[in-house]
Each structure stands twice: as structure tokens, then as C-alpha cells.
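The next block is my_file30.cif, given as mmCIF, C-alpha atoms.
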```cif
data_work
#
loop_
_atom_site.label_atom_id
_atom_site.label_comp_id
_atom_site.auth_asym_id
_atom_site.auth_seq_id
_atom_site.Cartn_x
_atom_site.Cartn_y
_atom_site.Cartn_z
CA MET I 1 116.41 18.24 69.71
CA LEU I 2 118.34 20.81 71.76
CA THR I 3 117.40 21.08 75.41
CA ARG I 4 117.30 24.39 77.18
CA PRO I 5 120.18 24.66 79.67
CA ARG I 6 119.16 24.46 83.30
CA THR I 7 119.17 27.73 85.22
CA THR I 8 121.30 27.79 88.36
CA VAL I 9 119.22 29.37 91.12
CA VAL I 10 120.80 30.64 94.32
CA GLY I 11 119.72 32.99 97.09
CA LEU I 12 120.82 35.24 99.91
CA ILE I 13 119.48 34.76 103.44
CA GLY I 14 119.73 37.64 105.90
CA ALA I 15 117.95 40.66 107.35
CA GLY I 16 117.66 44.07 105.71
CA ILE I 17 119.12 42.81 102.43
CA GLY I 18 116.86 44.66 100.01
CA THR I 19 119.71 46.89 98.80
CA SER I 20 122.30 44.12 98.58
CA LEU I 21 124.51 44.27 95.49
CA SER I 22 125.02 40.50 95.50
CA PRO I 23 122.27 39.76 92.94
CA ALA I 24 123.75 42.21 90.43
CA LEU I 25 127.34 41.05 91.03
CA HIS I 26 126.52 37.36 90.67
CA GLU I 27 124.09 37.58 87.75
CA ARG I 28 126.23 39.85 85.57
CA GLU I 29 129.38 37.77 86.05
CA ALA I 30 127.44 34.55 85.45
CA ALA I 31 126.14 36.05 82.19
CA GLU I 32 129.71 36.93 81.19
CA LEU I 33 130.64 33.29 81.84
CA GLY I 34 127.71 31.98 79.78
CA VAL I 35 125.93 30.52 82.81
CA ARG I 36 122.13 30.75 83.14
CA TYR I 37 121.78 32.08 86.67
CA ARG I 38 119.21 33.65 88.98
CA TYR I 39 120.01 35.17 92.38
CA ARG I 40 117.16 35.82 94.81
CA THR I 41 117.06 37.64 98.15
CA LEU I 42 115.35 35.84 101.03
CA ASP I 43 114.93 38.38 103.82
CA ILE I 44 114.01 36.71 107.11
CA GLU I 45 112.16 39.85 108.26
CA VAL I 46 110.21 40.42 105.05
CA LEU I 47 109.29 36.76 104.56
CA ARG I 48 108.80 36.11 108.29
CA ARG I 49 110.69 32.83 107.99
CA ASP I 50 113.68 31.63 109.97
CA VAL I 51 116.94 30.25 108.59
CA ARG I 52 115.86 26.63 108.92
CA GLU I 53 112.64 27.20 106.98
CA LEU I 54 114.35 29.11 104.18
CA LEU I 55 117.11 26.51 103.86
CA GLU I 56 114.56 23.71 103.59
CA GLN I 57 112.51 25.64 101.04
CA ALA I 58 115.64 26.26 98.96
CA ARG I 59 116.47 22.56 99.11
CA GLU I 60 113.00 21.58 97.98
CA ALA I 61 112.99 24.19 95.19
CA GLY I 62 116.24 22.86 93.74
CA TYR I 63 118.50 25.79 94.60
CA ALA I 64 122.20 25.23 93.90
CA GLY I 65 123.10 27.11 97.06
CA LEU I 66 122.71 30.09 99.32
CA ASN I 67 124.75 32.97 100.59
CA VAL I 68 124.20 33.79 104.24
CA THR I 69 124.70 37.20 105.82
CA HIS I 70 123.96 39.11 109.04
CA PRO I 71 122.55 37.94 111.40
CA CYS I 72 122.43 34.30 110.26
CA LYS I 73 126.03 33.18 109.70
CA GLN I 74 126.26 31.25 112.95
CA GLU I 75 122.60 30.29 113.31
CA VAL I 76 122.68 28.39 110.01
CA LEU I 77 125.30 25.93 111.33
CA ALA I 78 122.72 23.84 113.19
CA HIS I 79 120.77 23.18 109.98
CA LEU I 80 123.54 21.99 107.66
CA ASP I 81 124.57 18.45 106.77
CA GLU I 82 128.29 19.11 106.38
CA LEU I 83 130.94 21.80 106.89
CA ASP I 84 134.19 22.28 105.04
CA ASP I 85 137.34 22.64 107.15
CA ASP I 86 137.44 26.46 107.05
CA ALA I 87 133.80 26.88 108.04
CA ALA I 88 134.21 24.36 110.87
CA ALA I 89 137.29 26.17 112.20
CA ILE I 90 135.70 29.60 111.89
CA GLY I 91 132.34 28.56 113.32
CA ALA I 92 130.41 30.60 110.77
CA VAL I 93 129.09 30.07 107.24
CA ASN I 94 128.45 32.58 104.47
CA THR I 95 128.02 30.09 101.61
CA VAL I 96 125.91 26.93 101.47
CA VAL I 97 126.27 24.59 98.51
CA ILE I 98 123.35 22.21 97.92
CA ARG I 99 124.09 19.05 95.94
CA ASP I 100 121.69 16.10 95.76
CA GLY I 101 119.83 17.50 98.76
CA VAL I 102 123.00 17.73 100.89
CA ALA I 103 123.73 21.21 102.28
CA THR I 104 127.42 21.91 102.88
CA GLY I 105 128.63 25.05 104.62
CA HIS I 106 131.63 27.06 103.45
CA ASN I 107 133.18 30.36 104.46
CA THR I 108 134.55 32.66 101.75
CA ASP I 109 134.66 35.75 104.00
CA ALA I 110 138.10 34.93 105.37
CA THR I 111 139.74 34.39 101.98
CA GLY I 112 137.88 37.37 100.51
CA PHE I 113 139.14 39.65 103.27
CA ALA I 114 142.73 38.40 103.03
CA ALA I 115 142.73 38.99 99.28
CA SER I 116 141.23 42.47 99.75
CA VAL I 117 143.94 43.41 102.26
CA ALA I 118 146.65 42.18 99.89
CA ARG I 119 145.21 44.47 97.18
CA GLY I 120 144.25 47.51 99.25
CA LEU I 121 146.70 47.58 102.16
CA PRO I 122 149.97 46.18 100.85
CA ASP I 123 152.79 46.26 103.41
CA ALA I 124 150.40 47.14 106.23
CA ARG I 125 151.91 46.50 109.66
CA MET I 126 150.33 43.48 111.32
CA ARG I 127 152.06 43.39 114.69
CA ARG I 128 149.08 44.56 116.75
CA VAL I 129 145.52 44.62 115.45
CA VAL I 130 142.18 45.28 117.14
CA LEU I 131 139.09 43.53 115.80
CA LEU I 132 135.75 45.10 116.68
CA GLY I 133 133.01 42.49 116.49
CA ALA I 134 133.05 38.80 117.39
CA GLY I 135 129.99 37.59 115.48
CA GLY I 136 129.93 35.48 112.34
CA ALA I 137 131.84 37.99 110.22
CA GLY I 138 134.22 38.80 113.06
CA SER I 139 135.06 35.15 113.52
CA ALA I 140 136.01 34.80 109.86
CA LEU I 141 138.13 37.95 110.01
CA ALA I 142 139.89 36.83 113.19
CA HIS I 143 141.06 33.68 111.41
CA ALA I 144 142.03 35.70 108.33
CA LEU I 145 144.05 38.16 110.42
CA ARG I 146 145.97 35.29 111.96
CA ARG I 147 146.75 33.95 108.50
CA LEU I 148 147.94 37.43 107.51
CA GLY I 149 150.52 37.25 110.29
CA VAL I 150 148.97 39.37 113.05
CA GLY I 151 151.03 38.87 116.19
CA ASP I 152 148.89 40.45 118.93
CA LEU I 153 145.17 40.21 118.11
CA THR I 154 142.75 41.96 120.45
CA ILE I 155 139.04 41.26 120.06
CA ALA I 156 136.37 43.62 121.37
CA ASP I 157 132.64 43.03 121.35
CA ALA I 158 129.62 44.37 123.23
CA ASP I 159 129.19 40.77 124.42
CA ARG I 160 132.37 40.23 126.45
CA GLY I 161 131.79 36.48 126.65
CA ARG I 162 131.61 36.22 122.88
CA ALA I 163 134.87 38.18 122.53
CA GLU I 164 136.57 35.91 125.05
CA ALA I 165 135.38 32.75 123.28
CA LEU I 166 136.67 33.95 119.91
CA ALA I 167 139.94 35.08 121.46
CA ARG I 168 140.47 31.60 122.91
CA ALA I 169 139.71 30.02 119.53
CA VAL I 170 142.31 32.07 117.64
CA GLY I 171 144.93 32.60 120.33
CA GLY I 172 144.12 36.28 120.79
CA ARG I 173 142.87 38.20 123.79
CA ALA I 174 139.65 39.96 124.68
CA GLY I 175 139.96 43.70 125.09
CA CYS I 176 138.17 46.94 124.29
CA ALA I 177 138.10 49.67 121.66
CA ALA I 178 140.58 51.75 123.68
CA ASP I 179 143.29 49.23 122.72
CA VAL I 180 143.28 50.91 119.29
CA ALA I 181 145.51 53.62 120.81
CA HIS I 182 148.46 51.19 120.73
CA ALA I 183 147.55 49.20 117.60
CA ASP I 184 148.83 49.10 114.03
CA GLY I 185 145.43 48.29 112.61
CA LEU I 186 141.70 48.33 113.32
CA MET I 187 139.30 45.88 111.68
CA HIS I 188 135.63 46.79 112.05
CA ALA I 189 133.18 43.86 111.85
CA THR I 190 129.97 45.05 113.52
CA PRO I 191 126.71 46.18 111.86
CA THR I 192 127.30 49.78 113.00
CA GLY I 193 127.55 52.03 109.99
CA MET I 194 125.39 49.85 107.74
CA GLU I 195 122.21 51.21 106.18
CA GLY I 196 119.70 51.11 109.00
CA HIS I 197 122.47 51.07 111.63
CA PRO I 198 124.06 54.52 111.40
CA GLY I 199 126.91 55.65 113.59
CA ILE I 200 130.43 54.67 114.53
CA ALA I 201 131.48 51.78 116.76
CA LEU I 202 134.15 53.61 118.77
CA ASP I 203 135.25 57.05 119.89
CA PRO I 204 136.93 58.56 116.81
CA ASP I 205 139.44 60.34 119.07
CA LEU I 206 141.07 56.92 119.57
CA LEU I 207 142.16 56.89 115.91
CA HIS I 208 145.70 58.01 115.16
CA PRO I 209 147.83 58.54 112.02
CA GLY I 210 149.89 55.37 112.52
CA LEU I 211 146.75 53.22 112.28
CA TRP I 212 145.23 51.48 109.27
CA VAL I 213 141.45 51.05 109.42
CA ALA I 214 139.43 48.47 107.48
CA ASP I 215 135.64 48.28 107.47
CA ILE I 216 133.53 45.24 106.56
CA VAL I 217 130.54 47.48 105.74
CA TYR I 218 129.98 48.24 102.06
CA ARG I 219 126.49 49.76 102.09
CA PRO I 220 127.36 52.60 102.32
CA LEU I 221 130.89 52.27 101.01
CA GLU I 222 131.88 55.52 102.69
CA THR I 223 131.14 54.88 106.37
CA GLU I 224 131.38 57.34 109.22
CA LEU I 225 134.28 55.28 110.59
CA LEU I 226 136.29 55.57 107.37
CA ARG I 227 135.61 59.30 107.09
CA ALA I 228 136.82 59.82 110.65
CA ALA I 229 139.88 57.65 110.03
CA ARG I 230 140.93 59.51 106.90
CA ALA I 231 140.44 62.86 108.68
CA ARG I 232 143.00 61.66 111.23
CA GLY I 233 145.52 60.54 108.65
CA CYS I 234 144.85 56.77 108.73
CA ARG I 235 145.22 54.44 105.77
CA THR I 236 141.79 52.96 105.06
CA LEU I 237 140.19 50.01 103.32
CA ASP I 238 136.47 49.93 102.55
CA GLY I 239 134.33 46.80 102.45
CA GLY I 240 134.02 46.69 98.66
CA GLY I 241 136.98 44.46 97.90
CA MET I 242 135.95 41.89 100.47
CA VAL I 243 132.34 41.70 99.30
CA VAL I 244 133.40 41.24 95.68
CA LEU I 245 136.11 38.67 96.34
CA GLN I 246 133.98 36.58 98.69
CA ALA I 247 131.18 36.75 96.10
CA ALA I 248 133.53 35.50 93.40
CA ALA I 249 134.52 32.52 95.54
CA SER I 250 130.86 31.75 96.28
CA LEU I 251 129.93 31.97 92.60
CA GLU I 252 132.67 29.49 91.79
CA LEU I 253 131.39 27.09 94.44
CA PHE I 254 127.84 27.35 93.08
CA THR I 255 128.70 26.90 89.40
CA GLY I 256 132.08 25.17 89.21
CA VAL I 257 133.23 27.95 86.85
CA ARG I 258 136.00 30.38 87.85
CA PRO I 259 134.85 34.04 87.69
CA ASP I 260 137.00 36.90 86.48
CA ARG I 261 137.67 38.72 89.75
CA GLU I 262 139.04 41.87 88.13
CA ARG I 263 135.91 42.14 85.99
CA MET I 264 133.74 41.75 89.08
CA LEU I 265 135.69 44.50 90.86
CA ARG I 266 135.13 46.80 87.88
CA HIS I 267 131.42 45.99 87.92
CA PHE I 268 131.24 46.77 91.63
CA ALA I 269 132.90 50.13 91.00
CA GLU I 270 130.23 50.88 88.38
CA LEU I 271 127.43 49.92 90.77
CA THR I 272 128.75 52.14 93.54
CA ALA I 273 129.91 55.09 91.43
#
```
Full structure transcribed into C-alpha cells:
Amino acid sequence: MLTRPRTTVVGLIGAGIGTSLSPALHEREAAELGVRYRYRTLDIEVLRRDVRELLEQAREAGYAGLNVTHPCKQEVLAHLDELDDDAAAIGAVNTVVIRDGVATGHNTDATGFAASVARGLPDARMRRVVLLGAGGAGSALAHALRRLGVGDLTIADADRGRAEALARAVGGRAGCAADVAHADGLMHATPTGMEGHPGIALDPDLLHPGLWVADIVYRPLETELLRAARARGCRTLDGGGMVVLQAAASLELFTGVRPDRERMLRHFAELTA
């Protein structure tokens, strides 16, 4: 007698994630791969549960893993059993794999961003770069920027102490948004510009034509920062490539099957058209 294949169930923990494209990206690619798969959103504000509670509930329910997004990427660390080397170095987790009740933290943001830059900003100058945001996403991007060969990395954050701590960890320096005036690139990694957090994280008059500007935000894909940057002649990179490529790496961790990244990028383009 044939047995029905087990469905792989995963989830996303974060706040304000009702419009996330992760469920659609994961489920469609899993279907293309022949994997029975369900992706659920677990909003800490809607469910009125904290990260620890949701992680334990996912464990008990037999989830294969979880993605973790703002504002939980650092908070989740205290509730995991193990960390892989990248997540430990970065100090933030966006992917939790659950096997036999053991929750292991990974970080696919750094590799997803590096791959997105290689695709969308080939030959971009990396001598001096300013990173806005030193939270969980910012930490991953700081490590990725170092791997991309950034020489002088300046980190700015509303919490100066947090910027200084991250700068020490990656061999950069704490600074401010005004440092963009002398930079080759600007990496934006704060919630500003996301749905529910409108606006721009710096004075747009600081932007100049010799600057490339990358934004981690993908909802909306066209942020106020990117519009201002293009108006001033900057090369730009939206958050779409990073979200797709980190999702592909997470899907592979959850299922053990390698996704077709180009197909996922095409699907993302359809979803955001």
C-alpha cells in the first residue's frame, strides 16, 4: 500500500509579515521540485506570542524549520540549541532548521545579499561603503560587505552603541549618514521605507552620482530611498534579489533539495509586477 508523502511544514516569525511574499516563493518552488510543502506566517503581534513560545510550538507541531525576520533575528539566538559558523559569527539568525527536536540557527541573509550584488551591481566599487542599520539584518550585511572586499566600512545606527559593537566585530568604524558624501556605496538595512514604516533613513541631498545604493527593503520594491538615489544619478539595487536568494538557501536547508534560483527570481518578478 502506498503511503502519502509527509508534508514539510515551515513558518515565518516576525512582526507585520501579513504581506510577506515568502509563502508564495517557497510553496511554488517546492511544488516545482515535487515537494509537499506548507509555509505559514507566525506574526508575533497578531498571535500575541513571543519568539520563544512560537519556536517551542513549532517544535512540538513537527515543523521542519522557521524563517525569522524583523525584529526577531537576534532575539531568537537565546532559544536555539545550536548555531552554524556563519550565524555565530554574524550574531543573527534568519533560518532555523528543526531536526529531531534540535533547533539549529543559520543565516542565509549574508550569502543572499552577496549573490544579489554579484548579479545586480557587477564591478561596483567597494573601497568605501556606509551601512545604515546595525540590527540583525545589518549585522549579516556587514559580514557580507567584508567578504565582498569592502576596505573602509562605516556603520551608522540610531543606537550608537550598537553601531560601535558591530564595527568592532567586523573591523569597521562607527559613523553617521553624512559619511555617504565620501563613499562609493550605501547599504540600507533599517526598517525605514517598509510598509508601515514610510520615509527615508537619511537626507537625500547626501546622495551623489558616484554612489551606488542598495536597499534591503522589498515591500515596497520601489522605496523612497531608491527613487531619490536614481533621481541623483546613482546606480541602485532593490531588495528583491536578496529576498529571493536567501529564500532559496533557506528552502534548501529545510528540504535538502536544491531550488532553481533563476526560476524563483522569475516568480518573484511575476509577484511584484
With segment 211-230 of chain I as the partner and 8 Å as the cut-off, tabulate the residues of segment 88-199 of chain I that qualify, each row holding the nearest pair of atoms and their distance in Å to one decimal, using all atoms listed in the file, sorted by chain and rising number, as CSV.
```
residue,atom,partner,partner_atom,distance
I:Ala124,CA,I:Trp212,CA,7.4
I:Ala183,CA,I:Leu211,CA,6.7
I:Asp184,CA,I:Leu211,CA,4.9
I:Gly185,CA,I:Trp212,CA,4.6
I:Leu186,CA,I:Val213,CA,4.8
I:Met187,CA,I:Ala214,CA,4.9
I:His188,CA,I:Asp215,CA,4.8
I:Ala189,CA,I:Ile216,CA,5.5
I:Thr190,CA,I:Ile216,CA,7.8
I:Pro191,CA,I:Val217,CA,7.3
I:Gly193,CA,I:Thr223,CA,5.8
I:Met194,CA,I:Arg219,CA,5.8
I:Glu195,CA,I:Arg219,CA,6.1
I:Gly199,CA,I:Glu224,CA,6.5
```
Using only C-alpha atoms, which of the listed residues (I:Gly149, I:Gly91, I:Gly256, I:Gly34) sits closest to Asp123 of chain I?
-> I:Gly149
Can I get the residues of segment 34-129 of chain I within 12 Å of segment 258-261 of chain I, each with the closest pair of atoms and their distance in Å to one decimal, using all atoms listed in the file, sorted chain first then ascending number, as a tab-separated table?
```
residue	atom	partner	partner_atom	distance
I:Gly34	CA	I:Pro259	CA	10.9
I:Val35	CA	I:Pro259	CA	10.8
I:Gly112	CA	I:Arg261	CA	10.8
I:Ala115	CA	I:Arg261	CA	10.8
I:Ser116	CA	I:Arg261	CA	11.3
```
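Among the candidates I:His197, I:His143, I:His182, I:Arg235, the one nearest to Thr108 of chain I when counting all atoms listed in the file is I:His143.
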Could you list the residues chosen by the PyMOL selection byres ((chain I and resi 71-74) around 9) in this structure as a ChimeraX atom specification?
-> /I:13-15,51,68-70,75-78,91-95,135-137
Take segment 148-178 of chain I, model N, CA and C atoms, and hand the result over as a compact mmCIF listing (two decimals), keeping the file's coordinate frame.
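Full text of out-v5.txt as output:
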```txt
# COMPACT_ATOMS: atom_id res chain seq x y z
N LEU I 148 147.19 36.31 108.06
CA LEU I 148 147.94 37.43 107.51
C LEU I 148 149.16 37.77 108.37
N GLY I 149 149.32 37.07 109.48
CA GLY I 149 150.52 37.25 110.29
C GLY I 149 150.38 38.17 111.48
N VAL I 150 149.15 38.50 111.89
CA VAL I 150 148.97 39.37 113.05
C VAL I 150 149.57 38.69 114.29
N GLY I 151 150.39 39.43 115.01
CA GLY I 151 151.03 38.87 116.19
C GLY I 151 150.14 38.97 117.42
N ASP I 152 149.71 40.19 117.75
CA ASP I 152 148.89 40.45 118.93
C ASP I 152 147.50 40.86 118.45
N LEU I 153 146.54 39.95 118.57
CA LEU I 153 145.17 40.21 118.11
C LEU I 153 144.26 40.43 119.31
N THR I 154 143.69 41.62 119.38
CA THR I 154 142.75 41.96 120.45
C THR I 154 141.35 42.01 119.86
N ILE I 155 140.42 41.35 120.55
CA ILE I 155 139.04 41.26 120.06
C ILE I 155 138.11 41.95 121.05
N ALA I 156 137.32 42.88 120.53
CA ALA I 156 136.37 43.62 121.37
C ALA I 156 134.96 43.42 120.83
N ASP I 157 134.04 43.24 121.73
CA ASP I 157 132.64 43.03 121.35
C ASP I 157 131.76 43.50 122.50
N ALA I 158 130.55 43.97 122.18
CA ALA I 158 129.62 44.37 123.23
C ALA I 158 129.31 43.21 124.16
N ASP I 159 129.36 41.99 123.62
CA ASP I 159 129.19 40.77 124.42
C ASP I 159 130.58 40.27 124.80
N ARG I 160 131.01 40.57 126.02
CA ARG I 160 132.37 40.23 126.45
C ARG I 160 132.62 38.73 126.37
N GLY I 161 131.63 37.93 126.71
CA GLY I 161 131.79 36.48 126.65
C GLY I 161 132.05 36.00 125.24
N ARG I 162 131.40 36.61 124.27
CA ARG I 162 131.61 36.22 122.88
C ARG I 162 133.02 36.60 122.43
N ALA I 163 133.50 37.77 122.86
CA ALA I 163 134.87 38.18 122.53
C ALA I 163 135.88 37.23 123.15
N GLU I 164 135.64 36.82 124.37
CA GLU I 164 136.57 35.91 125.05
C GLU I 164 136.59 34.55 124.37
N ALA I 165 135.44 34.06 123.95
CA ALA I 165 135.38 32.75 123.28
C ALA I 165 136.14 32.78 121.96
N LEU I 166 135.96 33.85 121.18
CA LEU I 166 136.67 33.95 119.91
C LEU I 166 138.17 34.12 120.15
N ALA I 167 138.53 34.90 121.16
CA ALA I 167 139.94 35.08 121.46
C ALA I 167 140.60 33.75 121.81
N ARG I 168 139.92 32.93 122.58
CA ARG I 168 140.47 31.60 122.91
C ARG I 168 140.64 30.77 121.65
N ALA I 169 139.67 30.85 120.74
CA ALA I 169 139.71 30.02 119.53
C ALA I 169 140.86 30.37 118.60
N VAL I 170 141.27 31.65 118.59
CA VAL I 170 142.31 32.07 117.64
C VAL I 170 143.62 32.45 118.32
N GLY I 171 143.70 32.26 119.64
CA GLY I 171 144.93 32.60 120.33
C GLY I 171 145.14 34.10 120.49
N GLY I 172 144.03 34.84 120.57
CA GLY I 172 144.12 36.28 120.79
C GLY I 172 143.75 36.59 122.22
N ARG I 173 143.32 37.82 122.45
CA ARG I 173 142.87 38.20 123.79
C ARG I 173 141.68 39.12 123.68
N ALA I 174 140.79 39.06 124.64
CA ALA I 174 139.65 39.96 124.68
C ALA I 174 140.09 41.30 125.23
N GLY I 175 139.59 42.37 124.64
CA GLY I 175 139.96 43.70 125.09
C GLY I 175 138.83 44.68 124.85
N CYS I 176 139.18 45.92 124.52
CA CYS I 176 138.17 46.94 124.29
C CYS I 176 138.65 47.89 123.20
N ALA I 177 137.77 48.76 122.76
CA ALA I 177 138.10 49.67 121.66
C ALA I 177 139.28 50.56 122.00
N ALA I 178 139.48 50.87 123.28
CA ALA I 178 140.58 51.75 123.68
C ALA I 178 141.94 51.17 123.33
```
